[in-house]
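S.K.: One structure follows; several queries about it will come next.
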Amino acid sequence: MIAETICVGEELLCGQTQNTHAGYIAAHLAELGIVQRHQDVVGDDAGQLAECLRAALTRADLVILCGGLGPTYDDITKEIACEVMGLPLRLYPEIWERIQGIFAAGGKLAPPENIKQAMFPDSCIVLPNKHGTAPGCILEVGGKIAICLPGPPRELEPMFEASVLPYLRERSGGYFHTRVLHVFGMGESDVAHRLTDLFARQNGVRVAPYVKTGEVTLRVTANCKDATEGEALLAPVIAEIRSILGDIVYSDCDMGLPEVCHALLLERGLTLATAESCTGGLLCSAFVDMPGSSAYMLGGTIPYSNAAKVCMLGVSEDTIREHGAVSAQCAQEMAEGMRARSGADLALATTGIAGPGGGTATKPVGLVYIALASENNTQVKELRLRYDRAKNRELSVLHALDMLRRAMH
């Protein structure tokens, strides 16, 4: 099966919004053995979108369109797709009732413009949207398939995984079983070098590396008849990867560092508190974003100033005067102070110079200290990061999470 992706929206063309859909969909199509030869981005222009879709349907069996399913005048994707494929639209009353119910739950009436989101052809497959008002749809005409998906990632990705993947899996001519390994603490080139022999002799199992912020993921995929056979094929390859890379492989079931730490804290029955200076709440947020974190998360503070570190956490004024707020000694006292005041089993603290200003010759931008206090000891880690403010803070959080997960293993 040959596929193409068309992402729709002026915000993508002008750089206002990053196009994350192309890579997300490409990775999933590759897992299914579906070949993708073109990706396009087009604005909210009916003529251009129709021209782009017609061309795509001459080259591909499957075209996935992302975005443009909203209620406004410039949301035209579904309408153009149906026009190009010769499929008239009609109102689906049950879908319109659902949309009205969503607004009613918020104490509002559904605007009349939203009725277009309940219009579909008779012959299509409607894809439920559990996170918004815009359902997607699958259109099939003359052996050609067009799939229309909403633009927001929080709507598109659950819809794709719940409805589109099963549909495509039935038509892809094979079953592809995948496990995703996460690696933290080594760059992509070093990971690839260590796994060179494994990459070279892939027989029936494909290992593909991908880079994310601060980490590398390894997608391990087998073409097989079912999940049981797939697991049997993948198990020895995953075991070999773990043997080669060691404990920098922190997950083999597509869990990120926050999820791994979340699971370990629940499993161990431990409590946690955070004290954040340079990360400013990002670390605490990584936990409270996950349902169930109230079982272990006791609280967090943001003692950004020197005075706050002294007042809120009991950091010694002598420590700040002699070593500075950005120091191993200060990070240690922050973590120990937070642990003592919160009563948590574990406490994480961060202090550093995120940038772009504030650095000196001895304490440059990107210098960060992370401390983890437990009942038995306090570990302190020094980082020398060389990125912009946002990435320095994000990487600091990942290093803190990695310290935590290692301490609980």
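In the structure tokens, chains take the letters A, B, ... in the order shown, each chain's residues start at 1, and ligands count up from 1 in the order shown.
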Please provide as a ChimeraX atom specification all residues within 9 Å of Met297 of chain A, with the sequence filter that same-chain residues fewer than 2 positions apart are discarded (counting only C-alpha atoms).
M.R.: /A:271-274,284,287-288,293-295,299-300,344
S.K.: What would the file look like if the residues just selected were written as a short mmCIF file (atom, residue, chain, number, x, y, z; two decimals), in the first residue's frame with N, CA and C atoms?
M.R.:
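Contents of selection.cif, freshly written:
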data_model
loop_
_atom_site.label_atom_id
_atom_site.label_comp_id
_atom_site.auth_asym_id
_atom_site.auth_seq_id
_atom_site.Cartn_x
_atom_site.Cartn_y
_atom_site.Cartn_z
N THR A 271 7.21 8.35 49.08
CA THR A 271 6.67 9.69 48.85
C THR A 271 7.79 10.62 48.37
N LEU A 272 7.37 11.71 47.71
CA LEU A 272 8.32 12.60 47.05
C LEU A 272 7.92 14.06 47.26
N ALA A 273 8.94 14.92 47.35
CA ALA A 273 8.72 16.36 47.35
C ALA A 273 9.82 17.00 46.50
N THR A 274 9.57 18.19 45.97
CA THR A 274 10.54 18.85 45.10
C THR A 274 10.78 20.29 45.55
N CYS A 284 8.08 19.22 39.27
CA CYS A 284 6.85 18.85 39.98
C CYS A 284 5.72 18.60 38.99
N PHE A 287 5.25 15.20 37.40
CA PHE A 287 4.55 14.18 38.18
C PHE A 287 3.05 14.45 38.26
N VAL A 288 2.68 15.69 38.58
CA VAL A 288 1.26 15.95 38.80
C VAL A 288 0.46 15.92 37.50
N SER A 293 -0.82 10.62 40.95
CA SER A 293 0.40 11.11 41.58
C SER A 293 0.17 11.62 43.00
N SER A 294 -1.09 11.88 43.36
CA SER A 294 -1.37 12.33 44.73
C SER A 294 -1.04 11.25 45.76
N ALA A 295 -0.88 10.01 45.31
CA ALA A 295 -0.53 8.93 46.24
C ALA A 295 0.88 9.09 46.80
N GLY A 299 4.32 17.56 47.67
CA GLY A 299 4.29 18.98 47.36
C GLY A 299 5.59 19.45 46.75
N GLY A 300 5.60 20.70 46.32
CA GLY A 300 6.79 21.27 45.72
C GLY A 300 6.88 22.76 46.02
N ALA A 344 8.74 13.84 53.34
CA ALA A 344 8.78 12.89 52.23
C ALA A 344 9.94 11.90 52.39
#
S.K.: Near segment 25-38 of chain A, counting only C-alpha atoms, which residues have an atom at most 7 Å away, once you skip same-chain residues fewer than 6 positions from it, shown as a ChimeraX atom specification?
M.R.: /A:1-5,169,172,175-176,221
S.K.: Would you pick out the contacts of Ala263 of chain A at 12 Å or less, using only C-alpha atoms, so that residues sharing its chain but fewer than 3 positions from it are not included, and give the list as an MDAnalysis selection string?
M.R.: chainID A and resid 251 255:260 266:270 287 290:293 295:296 404:405 408:409
S.K.: Include N, CA, C and O atoms and write out the residues we just selected as a CSV table (one decimal), in the first residue's frame.
M.R.:
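So result_27.csv came out as:
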chain,number,residue,atom,x,y,z
A,251,SER,N,13.5,1.9,29.8
A,251,SER,CA,12.2,1.4,29.5
A,251,SER,C,12.2,0.6,28.2
A,251,SER,O,12.8,1.0,27.3
A,255,MET,N,7.6,3.7,27.8
A,255,MET,CA,7.3,4.6,28.9
A,255,MET,C,8.4,5.7,29.0
A,255,MET,O,9.6,5.3,29.0
A,256,GLY,N,8.0,6.9,29.2
A,256,GLY,CA,9.0,8.0,29.4
A,256,GLY,C,9.5,8.0,30.8
A,256,GLY,O,9.0,7.3,31.7
A,257,LEU,N,10.5,8.8,31.1
A,257,LEU,CA,11.1,8.9,32.4
A,257,LEU,C,10.0,9.3,33.5
A,257,LEU,O,10.0,8.7,34.6
A,258,PRO,N,9.1,10.3,33.2
A,258,PRO,CA,8.1,10.6,34.3
A,258,PRO,C,7.2,9.3,34.6
A,258,PRO,O,7.0,9.1,35.7
A,259,GLU,N,6.8,8.6,33.5
A,259,GLU,CA,6.0,7.4,33.8
A,259,GLU,C,6.7,6.3,34.5
A,259,GLU,O,6.1,5.7,35.4
A,260,VAL,N,8.0,6.1,34.2
A,260,VAL,CA,8.8,5.1,34.9
A,260,VAL,C,8.9,5.5,36.4
A,260,VAL,O,8.7,4.6,37.3
A,266,LEU,N,5.0,4.4,43.1
A,266,LEU,CA,3.8,3.7,43.5
A,266,LEU,C,4.1,2.3,43.9
A,266,LEU,O,3.6,1.8,45.0
A,267,GLU,N,5.0,1.6,43.2
A,267,GLU,CA,5.3,0.2,43.5
A,267,GLU,C,6.1,0.1,44.8
A,267,GLU,O,5.9,-0.8,45.6
A,268,ARG,N,7.0,1.1,45.1
A,268,ARG,CA,7.8,1.1,46.3
A,268,ARG,C,7.1,1.7,47.5
A,268,ARG,O,7.5,1.5,48.6
A,269,GLY,N,6.0,2.4,47.2
A,269,GLY,CA,5.3,3.0,48.3
A,269,GLY,C,6.0,4.2,48.9
A,269,GLY,O,5.9,4.4,50.1
A,270,LEU,N,6.8,4.9,48.1
A,270,LEU,CA,7.6,6.0,48.6
A,270,LEU,C,6.9,7.3,48.3
A,270,LEU,O,6.1,7.4,47.3
A,287,PHE,N,5.2,15.2,37.4
A,287,PHE,CA,4.6,14.2,38.2
A,287,PHE,C,3.1,14.5,38.3
A,287,PHE,O,2.2,13.5,38.0
A,290,MET,N,0.3,13.4,35.8
A,290,MET,CA,-0.1,12.0,35.7
A,290,MET,C,-1.2,11.7,36.8
A,290,MET,O,-1.0,11.9,38.0
A,291,PRO,N,-2.3,11.1,36.4
A,291,PRO,CA,-3.3,10.7,37.3
A,291,PRO,C,-2.7,9.7,38.4
A,291,PRO,O,-1.9,8.8,38.0
A,292,GLY,N,-3.1,9.9,39.6
A,292,GLY,CA,-2.6,9.0,40.7
A,292,GLY,C,-1.4,9.5,41.4
A,292,GLY,O,-1.0,8.9,42.4
A,293,SER,N,-0.8,10.6,40.9
A,293,SER,CA,0.4,11.1,41.6
A,293,SER,C,0.2,11.6,43.0
A,293,SER,O,1.1,11.7,43.8
A,295,ALA,N,-0.9,10.0,45.3
A,295,ALA,CA,-0.5,8.9,46.2
A,295,ALA,C,0.9,9.1,46.8
A,295,ALA,O,1.2,8.6,47.9
A,296,TYR,N,1.7,9.8,46.1
A,296,TYR,CA,3.1,9.9,46.5
A,296,TYR,C,3.6,11.4,46.5
A,296,TYR,O,4.6,11.7,47.2
A,404,LEU,N,16.4,9.9,40.1
A,404,LEU,CA,15.3,9.3,40.9
A,404,LEU,C,15.1,7.9,40.5
A,404,LEU,O,15.0,7.0,41.4
A,405,ARG,N,14.9,7.6,39.3
A,405,ARG,CA,14.6,6.2,38.9
A,405,ARG,C,15.8,5.3,39.2
A,405,ARG,O,15.6,4.1,39.6
A,408,MET,N,15.8,4.3,42.9
A,408,MET,CA,14.7,3.3,43.3
A,408,MET,C,14.9,1.9,42.7
A,408,MET,O,14.1,1.0,43.0
A,409,HIS,N,15.8,1.7,41.8
A,409,HIS,CA,16.0,0.4,41.2
A,409,HIS,C,16.8,-0.5,42.2
A,409,HIS,O,17.6,0.0,43.0
S.K.: I want to know what sits within 8 Å of Thr77 of chain A, based on only C-alpha atoms, with residues of the same chain fewer than 4 positions away left out; could you give that as a list in words?
M.R.: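 Listing them by chain and then by number gives Val8, Leu49, Leu65, Gly67, Gly68, Leu69, Ala81 and Cys148 of chain A.
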S.K.: If you run DSSP on the backbone here, which positions in segment 170-313 of chain A get alpha helix (DSSP H)? Please write them as number ranges by chain.
M.R.: A: 170-171, 188-194, 196-200, 227-245, 257-268, 282-288, 306-313
S.K.: Could you check the closest approach to Thr17 of chain A for each of A:Gly151, A:Ile80, A:Phe160, A:Ala110 and tell me which residue wins, using only C-alpha atoms?
M.R.: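 That would be A:Gly151, the residue with the smallest distance to Thr17 of chain A.
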S.K.: Pick the closest to Lys144 of chain A from A:Ala407, A:Leu91, A:Ala373, A:Ile64: which is it, counting only C-alpha atoms?
M.R.: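 So, comparing all the options, the nearest one is A:Ile64.
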S.K.: What's around Arg393 of chain A at 7 Å? Count only C-alpha atoms, leave out sequence neighbours fewer than 6 positions away in its own chain, and write the answer as a list in words.
M.R.: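 Those residues are Cys278, Thr279 and Ala354 of chain A.
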S.K.: Using only C-alpha atoms, please write the residues we just selected to a file, as a PDB file, in the first residue's frame.
M.R.:
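Everything below was put into again_23.pdb:
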ATOM      1  CA  CYS A 278      16.134  26.922  37.828  1.00  0.00           C
ATOM      2  CA  THR A 279      13.430  24.469  36.706  1.00  0.00           C
ATOM      3  CA  ALA A 354      19.408  28.413  32.742  1.00  0.00           C
TER       4      ALA A 354
END
S.K.: To one decimal in Å, tell me the separation between atom CA of Glu333 of chain A and atom CA of Ala349 of chain A.
M.R.: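 Atom-to-atom, atom CA of Glu333 of chain A and atom CA of Ala349 of chain A are spaced 8.8 Å apart.
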S.K.: What is the distance, in Å and to one decimal place, between atom CA of Leu233 of chain A and atom CA of Val205 of chain A?
M.R.: 7.2 Å
S.K.: Which polymer residues have any atom within 10 Å of an atom of Arg194 of chain A, counting only C-alpha atoms, with same-chain residues fewer than 6 positions away left out, as a PDB file with N, CA, C and O atoms, in the first residue's frame?
M.R.:
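That gives us selection37.pdb:
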ATOM      1  N   ILE A 241      20.090  -5.830  23.237  1.00  0.00           N
ATOM      2  CA  ILE A 241      20.247  -4.376  23.353  1.00  0.00           C
ATOM      3  C   ILE A 241      20.521  -3.992  24.805  1.00  0.00           C
ATOM      4  O   ILE A 241      21.416  -3.195  25.104  1.00  0.00           O
ATOM      5  N   ILE A 244      24.056  -4.869  25.783  1.00  0.00           N
ATOM      6  CA  ILE A 244      25.068  -3.977  25.205  1.00  0.00           C
ATOM      7  C   ILE A 244      25.047  -2.600  25.862  1.00  0.00           C
ATOM      8  O   ILE A 244      26.096  -2.035  26.203  1.00  0.00           O
ATOM      9  N   LEU A 245      23.856  -2.042  26.065  1.00  0.00           N
ATOM     10  CA  LEU A 245      23.741  -0.666  26.536  1.00  0.00           C
ATOM     11  C   LEU A 245      23.649  -0.538  28.052  1.00  0.00           C
ATOM     12  O   LEU A 245      23.910   0.533  28.610  1.00  0.00           O
TER      13      LEU A 245
END
S.K.: Write out as an mmCIF file with C-alpha atoms, in the first residue's frame each polymer residue whose atoms come within 8 Å of Gln332 of chain A, counting only C-alpha atoms; drop sequence neighbours fewer than 5 positions from it.
M.R.:
data_model
loop_
_atom_site.group_PDB
_atom_site.id
_atom_site.type_symbol
_atom_site.label_atom_id
_atom_site.label_comp_id
_atom_site.auth_asym_id
_atom_site.auth_seq_id
_atom_site.Cartn_x
_atom_site.Cartn_y
_atom_site.Cartn_z
ATOM 1 C CA ALA A 349 16.170 19.874 44.310
ATOM 2 C CA ALA A 371 20.305 16.829 44.527
ATOM 3 C CA LEU A 372 18.329 13.814 45.671
ATOM 4 C CA ALA A 373 17.918 13.394 49.429
ATOM 5 C CA THR A 378 22.102 12.825 49.516
ATOM 6 C CA GLN A 379 23.377 12.512 45.968
ATOM 7 C CA VAL A 380 24.382 15.595 43.993
#
S.K.: Interatomic distance between atom CA of Ala286 of chain A and atom CA of Val397 of chain A?
M.R.: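 Computed distance, atom CA of Ala286 of chain A to atom CA of Val397 of chain A, equals 8.4 Å.
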S.K.: Nearest to Ile95 of chain A among A:Gly343, A:Pro71, A:Gly173, A:Pro128, with distances taken over only C-alpha atoms: which residue is it?
M.R.: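 Between A:Gly343, A:Pro71, A:Gly173, A:Pro128, the residue approaching Ile95 of chain A most closely is A:Pro128.
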